[in-house]
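Structure, as structure tokens:
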Amino acid sequence: MTAALGKDLIGLERLSPDQIRLILDTAEPFKEVSERPIKKVPALRGKTIVNLFFEASTRTRISFEFAEKRLSADTVNVAATGSAVQKGETLVDTAKNLEAMRIDMVVIRHASSGAAQFLGDRIRSNVVNAGDGKHEHPTQALLDLLTIRDKLGRIEGVKVCLVGDILHSRVARSNIWGLTKLGAQVAVCGPHSLMPRGIEELGVTVLRRVEEAIEWADVLNVLRLQLERMEAGFIPSLREYYRVFGVTVERLAKAPRALTVMHPGPMNRGVEIDSRVADGPHSVILDQVTNGVAVRMAVLYLLAGGKPELADAAKGPAAGGTD
């Protein structure tokens, strides 16, 4: 346990602005590790981390695994498919059995909102939320914040609009908490059917047209339509959604300022975003992916008790070098 963050990272709602900045600042020295010929440092040598993924994931799961291995932790990957969960074992029993093997930390993704908190309250090991239902996805928001800070040099005062499926998006919720705590101006834009009731109470502005969002924002964070969480009736069709809310080159050409375009992935190209935008000069989507490893390294390091002021020293020298 560390006084810096507490025992677990469940979401950004409960973190202070200083704690969020601490994670971002701690991630900075870890960026360099991924540029080394040998991408490994000894900061978490001897620690065992279990990745407990009850939902499908590519980017998040692999990013955590890279972060763990680059910190020299021992990692174990557990998916619901093929595990005792399919035989009826509960989440807590699964975690307690793993804990009996003397693990140190659990990274969990689960379809149920609150699953990470539920687990964190019942086991001694640190718990990191890798996405729980429609609740939060804190490390995604943290890497988004780091990417904005890298690109624009600041977060305070930046106008960020989240565009798309706000209703089903845990990424949107974590971004709103993180951005507002650090002083950004935040708006949301999407179909009325995909806008949560009372969203304004979180301190955001609601924009009804994507053209308004493009005119207003410095940063567009384009969210995926979460079709797997939808029942029929949220949108007329994917083609109609793209026609009305798709972020296209033609729409961006009318922006009054240089826009930065983000996307948490996976992208539905030709639905929420034009491929020419995703791969174009406005996009920092691949920077988000790169920053995700550094942010997750920082979270794991801090939760394991690493001292923020020693993060740079914790990396150790590069192989074959003297840094």
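Each chain in the structure tokens gets a letter, A, B, ..., in the order shown, and its residues are numbered from 1; ligands are numbered from 1 in order too.
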Sorted by chain and rising residue number, which residues of segment 204-298 of chain A lie within 10 Å of segment 152-156 of chain A, and what are their closest atom pairs and distances in Å to one decimal, counting only C-alpha atoms, as JSON lines?
```
{"residue": "A:Asp218", "atom": "CA", "partner": "A:Leu152", "partner_atom": "CA", "distance": 9.2}
{"residue": "A:Val219", "atom": "CA", "partner": "A:Leu152", "partner_atom": "CA", "distance": 9.5}
{"residue": "A:Thr260", "atom": "CA", "partner": "A:Leu152", "partner_atom": "CA", "distance": 9.0}
```
Give me a file of those residues, with C-alpha atoms, as a PDB file, in the first residue's frame.
```
ATOM      1  CA  ASP A 218      -9.224  22.153 -29.079  1.00  0.00           C
ATOM      2  CA  VAL A 219      -9.382  18.351 -28.719  1.00  0.00           C
ATOM      3  CA  THR A 260      -6.227  17.312 -32.020  1.00  0.00           C
TER       4      THR A 260
END
```
>> To test your reading of the structure, identify every residue in segment 28-219 of chain A that backbone DSSP assigns to strand (DSSP E), and report it as a PyMOL selection string.
In response: chain A and resi 48-53+74-79+105-110+126-132+159-163+185-189+205-207+219
> In terms of the shortest atom-to-atom distance over only C-alpha atoms, which of A:Leu300, A:Thr90, A:Lys181, A:Val160 is closest to Gln19 of chain A?
Replying inline: A:Lys181
> Using only C-alpha atoms, which residues sit within 9 Å of Gln140 of chain A once same-chain residues fewer than 6 positions away are excluded, as a PyMOL selection string?
Replying inline: chain A and resi 60+130-131+171+174-175+264+288+292+295
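Non-sequential neighbours of Ile235 of chain A (distance at most 8 Å, separation of 6 or more positions within a chain, only C-alpha atoms) are Pro191, Ser193 and Tyr241 of chain A.
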> Which residues, written as an MDAnalysis selection string, have at least one atom at most 9 Å from Thr26 of chain A, with only C-alpha atoms counted and residues fewer than 4 positions away on the same chain left out?
Replying inline: chainID A and resid 21:22 30 294:295 297:299 301:302 308:309 311:312
